[in-house]
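Novice: Here's a structure for you.
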Amino acid sequence: MMRKLLAWWRRRRAERLDIGESLWHEVEAGLPFLHRLTPDERSRLRQLARQFIAEKQWSGAQGLRLTPRIQLTIALQACLPILHLGLDWYAGWVGIVVYPGDFVIPRRILDEDGVVHEYDDDVMGEAWYGGPVLISWFDHTDDADGINVVIHEFAHKLDMKSGDADGMPPLHAGMSRQRWIAVMSQAFEDFQRRVDAGEETALDPYGAEWPAEFFAVASEAFFETPQLLADEYPEVYRQFTLFYRQDPAGKASG
């Protein structure tokens with residue numbers, strides 16, 4: 001009963017949003033990786049995006065005025081990973097803070113000798129466990145240096161469904177935890193080796209920082225350049241098809 005009431009409430013809130021067909025087409029045209037979706041999937045993604053916009057609390061930082069185009073662009077990308085998982089995967093938090101370009105987060109760390117180090121970290125996004133998602137907005141995609149900030153940060157949110165981000169999201173029934181760990185660990189270690197050797201990699205080298213970042217970077221590739229991920233790390237791609245319940249490379253080649 002509660003699940004039915006929640007679904008009804010989501011539909012009612014989403015239906016109140018006034019999103020014209022011209023805006024849908026404009027935003028979708030700027031996200032070419034959505035073209036792989038079937039008509040049914042496109043319709044479902046639109047429904048999820050509507051509900052997502054209605055449920056979350058949106059804030060513009062540093063004077064940024066949020067517009068329907070900005071919200072819809074973010075929502076469509078954020079909902080693509082959960083297209084066949086459902087909006088409940090983003091339950092437990094509500095805030096989305098959008099910055100005009102990259103921004104600075106003050107950091108404070110304690111090293112192994114007990115010395116406190118403070119510094120400013122320039123970032124394009126950050127997902128907080130149990131808290132908001134911070135996202136940079138770029139009017140021109142080229143300004144993002146080829147990084148999909150939205151998919152990256154929302155992959156972290158999925159990762160955090162099982163606790164701290166560590167590259168180990170909660171797996172579905174029938175998936176093997178041991179197999180996931182083996183595949184992801186082997187790929188991460190190989191990627192680290194390649195990046196440390198100075199190799200120019202097709203995937204964002206930031207993924208070599210730690211397993212959580214490799215999961216997020218690989219998730220970006222899974223949705224934007226799926227054949228690239230399938231060629232580079234086919235077993236990672238296979239695990240992602242099971243987790244995300246999508247096969248974008250199969251559609252690209254079919």
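In the structure tokens, the first chain shown is A, the next is B, and so on; residue numbers restart at 1 for each chain, and ligands run from 1 in the order shown.
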Write out as a short mmCIF file (atom, residue, chain, number, x, y, z; two decimals) with N, CA and C atoms, in the first residue's frame all residues of segment 42-217 of chain A that DSSP puts in alpha helix (DSSP H) for this structure's backbone.
Specialist:
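And here is the file that came out, result.cif:
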```cif
data_model
loop_
_atom_site.label_atom_id
_atom_site.label_comp_id
_atom_site.auth_asym_id
_atom_site.auth_seq_id
_atom_site.Cartn_x
_atom_site.Cartn_y
_atom_site.Cartn_z
N ARG A 42 12.97 6.00 -23.69
CA ARG A 42 12.96 7.47 -23.71
C ARG A 42 11.78 8.00 -22.90
N SER A 43 10.63 7.36 -23.08
CA SER A 43 9.44 7.77 -22.33
C SER A 43 9.63 7.55 -20.84
N ARG A 44 10.21 6.41 -20.47
CA ARG A 44 10.43 6.11 -19.05
C ARG A 44 11.44 7.09 -18.46
N LEU A 45 12.48 7.42 -19.21
CA LEU A 45 13.47 8.36 -18.71
C LEU A 45 12.84 9.72 -18.48
N ARG A 46 11.97 10.14 -19.36
CA ARG A 46 11.29 11.42 -19.17
C ARG A 46 10.46 11.40 -17.89
N GLN A 47 9.77 10.30 -17.66
CA GLN A 47 8.95 10.19 -16.46
C GLN A 47 9.82 10.25 -15.21
N LEU A 48 10.93 9.52 -15.22
CA LEU A 48 11.84 9.55 -14.07
C LEU A 48 12.41 10.94 -13.85
N ALA A 49 12.78 11.62 -14.94
CA ALA A 49 13.35 12.96 -14.82
C ALA A 49 12.34 13.93 -14.22
N ARG A 50 11.10 13.83 -14.64
CA ARG A 50 10.04 14.68 -14.06
C ARG A 50 9.93 14.45 -12.55
N GLN A 51 9.87 13.19 -12.15
CA GLN A 51 9.74 12.86 -10.74
C GLN A 51 10.96 13.31 -9.96
N PHE A 52 12.12 13.14 -10.56
CA PHE A 52 13.37 13.52 -9.92
C PHE A 52 13.40 15.02 -9.66
N ILE A 53 13.04 15.81 -10.66
CA ILE A 53 13.01 17.27 -10.50
C ILE A 53 12.04 17.66 -9.39
N ALA A 54 10.88 17.01 -9.37
CA ALA A 54 9.85 17.36 -8.40
C ALA A 54 10.23 16.98 -6.98
N GLU A 55 10.95 15.87 -6.80
CA GLU A 55 11.25 15.37 -5.46
C GLU A 55 12.46 16.02 -4.82
N PRO A 68 14.65 25.88 -16.06
CA PRO A 68 14.13 24.55 -16.42
C PRO A 68 15.10 23.77 -17.29
N ARG A 69 15.84 24.46 -18.17
CA ARG A 69 16.78 23.75 -19.04
C ARG A 69 17.92 23.13 -18.23
N ILE A 70 18.44 23.87 -17.25
CA ILE A 70 19.51 23.35 -16.41
C ILE A 70 19.02 22.14 -15.62
N GLN A 71 17.85 22.28 -14.99
CA GLN A 71 17.31 21.19 -14.18
C GLN A 71 17.03 19.95 -15.03
N LEU A 72 16.46 20.15 -16.20
CA LEU A 72 16.13 19.01 -17.05
C LEU A 72 17.38 18.32 -17.58
N THR A 73 18.39 19.11 -17.93
CA THR A 73 19.65 18.53 -18.41
C THR A 73 20.28 17.65 -17.34
N ILE A 74 20.30 18.14 -16.11
CA ILE A 74 20.87 17.37 -15.01
C ILE A 74 20.01 16.14 -14.71
N ALA A 75 18.70 16.33 -14.68
CA ALA A 75 17.80 15.24 -14.31
C ALA A 75 17.87 14.07 -15.30
N LEU A 76 17.90 14.37 -16.59
CA LEU A 76 17.97 13.30 -17.58
C LEU A 76 19.24 12.48 -17.43
N GLN A 77 20.35 13.14 -17.17
CA GLN A 77 21.61 12.41 -17.00
C GLN A 77 21.65 11.65 -15.68
N ALA A 78 21.12 12.27 -14.62
CA ALA A 78 21.11 11.62 -13.32
C ALA A 78 20.24 10.38 -13.32
N CYS A 79 19.15 10.40 -14.10
CA CYS A 79 18.22 9.29 -14.11
C CYS A 79 18.59 8.19 -15.10
N VAL A 149 30.10 15.23 -15.41
CA VAL A 149 30.06 15.46 -13.97
C VAL A 149 28.82 14.82 -13.35
N VAL A 150 27.70 14.90 -14.05
CA VAL A 150 26.44 14.40 -13.48
C VAL A 150 26.48 12.89 -13.32
N ILE A 151 26.77 12.17 -14.38
CA ILE A 151 26.81 10.71 -14.27
C ILE A 151 27.87 10.29 -13.26
N HIS A 152 28.99 10.96 -13.24
CA HIS A 152 30.07 10.64 -12.30
C HIS A 152 29.59 10.74 -10.86
N GLU A 153 28.99 11.88 -10.50
CA GLU A 153 28.59 12.08 -9.11
C GLU A 153 27.41 11.20 -8.72
N PHE A 154 26.52 10.94 -9.65
CA PHE A 154 25.38 10.09 -9.29
C PHE A 154 25.78 8.62 -9.27
N ALA A 155 26.84 8.25 -9.95
CA ALA A 155 27.40 6.91 -9.77
C ALA A 155 27.93 6.76 -8.35
N HIS A 156 28.54 7.83 -7.83
CA HIS A 156 28.97 7.80 -6.42
C HIS A 156 27.77 7.59 -5.49
N LYS A 157 26.65 8.25 -5.79
CA LYS A 157 25.46 8.09 -4.96
C LYS A 157 24.98 6.64 -4.95
N LEU A 158 25.03 5.98 -6.10
CA LEU A 158 24.65 4.58 -6.16
C LEU A 158 25.63 3.73 -5.36
N ASP A 159 26.91 4.05 -5.48
CA ASP A 159 27.96 3.37 -4.72
C ASP A 159 27.69 3.49 -3.22
N ARG A 177 29.11 -11.21 -5.63
CA ARG A 177 29.97 -10.21 -5.00
C ARG A 177 31.44 -10.54 -5.25
N GLN A 178 31.77 -11.82 -5.15
CA GLN A 178 33.16 -12.24 -5.37
C GLN A 178 33.61 -11.92 -6.79
N ARG A 179 32.73 -12.18 -7.74
CA ARG A 179 33.08 -11.91 -9.14
C ARG A 179 33.25 -10.42 -9.37
N TRP A 180 32.35 -9.61 -8.81
CA TRP A 180 32.45 -8.15 -8.94
C TRP A 180 33.78 -7.66 -8.39
N ILE A 181 34.13 -8.10 -7.20
CA ILE A 181 35.38 -7.65 -6.56
C ILE A 181 36.58 -8.07 -7.40
N ALA A 182 36.57 -9.30 -7.88
CA ALA A 182 37.70 -9.79 -8.68
C ALA A 182 37.85 -8.99 -9.97
N VAL A 183 36.76 -8.77 -10.67
CA VAL A 183 36.80 -8.05 -11.95
C VAL A 183 37.23 -6.60 -11.74
N MET A 184 36.59 -5.91 -10.79
CA MET A 184 36.87 -4.50 -10.58
C MET A 184 38.28 -4.28 -10.03
N SER A 185 38.72 -5.15 -9.15
CA SER A 185 40.07 -5.02 -8.59
C SER A 185 41.14 -5.20 -9.66
N GLN A 186 40.97 -6.22 -10.49
CA GLN A 186 41.94 -6.48 -11.55
C GLN A 186 41.99 -5.32 -12.53
N ALA A 187 40.82 -4.79 -12.91
CA ALA A 187 40.78 -3.67 -13.85
C ALA A 187 41.37 -2.42 -13.24
N PHE A 188 41.05 -2.15 -11.98
CA PHE A 188 41.57 -0.96 -11.32
C PHE A 188 43.09 -1.02 -11.21
N GLU A 189 43.63 -2.15 -10.83
CA GLU A 189 45.08 -2.29 -10.71
C GLU A 189 45.76 -2.13 -12.06
N ASP A 190 45.16 -2.69 -13.10
CA ASP A 190 45.71 -2.52 -14.45
C ASP A 190 45.67 -1.07 -14.87
N PHE A 191 44.56 -0.40 -14.58
CA PHE A 191 44.42 1.00 -14.97
C PHE A 191 45.41 1.87 -14.21
N GLN A 192 45.59 1.61 -12.93
CA GLN A 192 46.59 2.34 -12.14
C GLN A 192 47.98 2.18 -12.74
N ARG A 193 48.32 0.94 -13.10
CA ARG A 193 49.63 0.66 -13.69
C ARG A 193 49.83 1.46 -14.98
N ARG A 194 48.81 1.48 -15.81
CA ARG A 194 48.91 2.19 -17.08
C ARG A 194 49.05 3.70 -16.88
N VAL A 195 48.27 4.24 -15.96
CA VAL A 195 48.35 5.68 -15.69
C VAL A 195 49.70 6.03 -15.08
N ASP A 196 50.16 5.23 -14.12
CA ASP A 196 51.45 5.49 -13.47
C ASP A 196 52.61 5.40 -14.46
N PRO A 211 39.40 3.05 -5.95
CA PRO A 211 38.34 2.24 -6.58
C PRO A 211 37.02 2.97 -6.79
N ALA A 212 36.63 3.85 -5.86
CA ALA A 212 35.37 4.57 -6.03
C ALA A 212 35.40 5.45 -7.27
N GLU A 213 36.55 6.07 -7.53
CA GLU A 213 36.67 6.93 -8.71
C GLU A 213 36.73 6.10 -9.99
N PHE A 214 37.33 4.93 -9.92
CA PHE A 214 37.34 4.06 -11.10
C PHE A 214 35.91 3.64 -11.45
N PHE A 215 35.12 3.31 -10.43
CA PHE A 215 33.72 2.94 -10.68
C PHE A 215 32.96 4.10 -11.33
N ALA A 216 33.18 5.32 -10.83
CA ALA A 216 32.46 6.47 -11.37
C ALA A 216 32.92 6.82 -12.78
N VAL A 217 34.23 6.78 -13.02
CA VAL A 217 34.76 7.07 -14.35
C VAL A 217 34.32 6.01 -15.35
#
```
Novice: If you run DSSP over the backbone, which residues in segment 90-251 of chain A end up strand (DSSP E)? Put them as a PyMOL selection string.
Specialist: chain A and resi 95-100+103-110+116-123+125-127+133-137
Novice: Considering only C-alpha atoms, state which residue in the set A:Pro170, A:Pro100, A:Pro39, A:Gly92 is at the smallest distance from Pro132 of chain A.
Specialist: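 The closest residue to Pro132 of chain A is A:Gly92.
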Novice: Of the candidates A:Leu83, A:Leu203, A:Leu17, A:Leu23, which one gets nearest to Thr225 of chain A if we count only C-alpha atoms?
Specialist: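 Using only C-alpha atoms, the shortest distance to Thr225 of chain A belongs to A:Leu203.
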Novice: Please list as a ChimeraX atom specification every residue within 9 Å of Thr241 of chain A, counting only C-alpha atoms and excluding residues in the same chain fewer than 6 positions away.
Specialist: /A:222,247-248
Novice: From the set A:Thr38, A:Ser136, A:Ser22, A:Thr141, which residue has the shortest atom-to-atom contact distance to Ser59 of chain A, counting only C-alpha atoms?
Specialist: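 The closest residue to Ser59 of chain A is A:Ser136.
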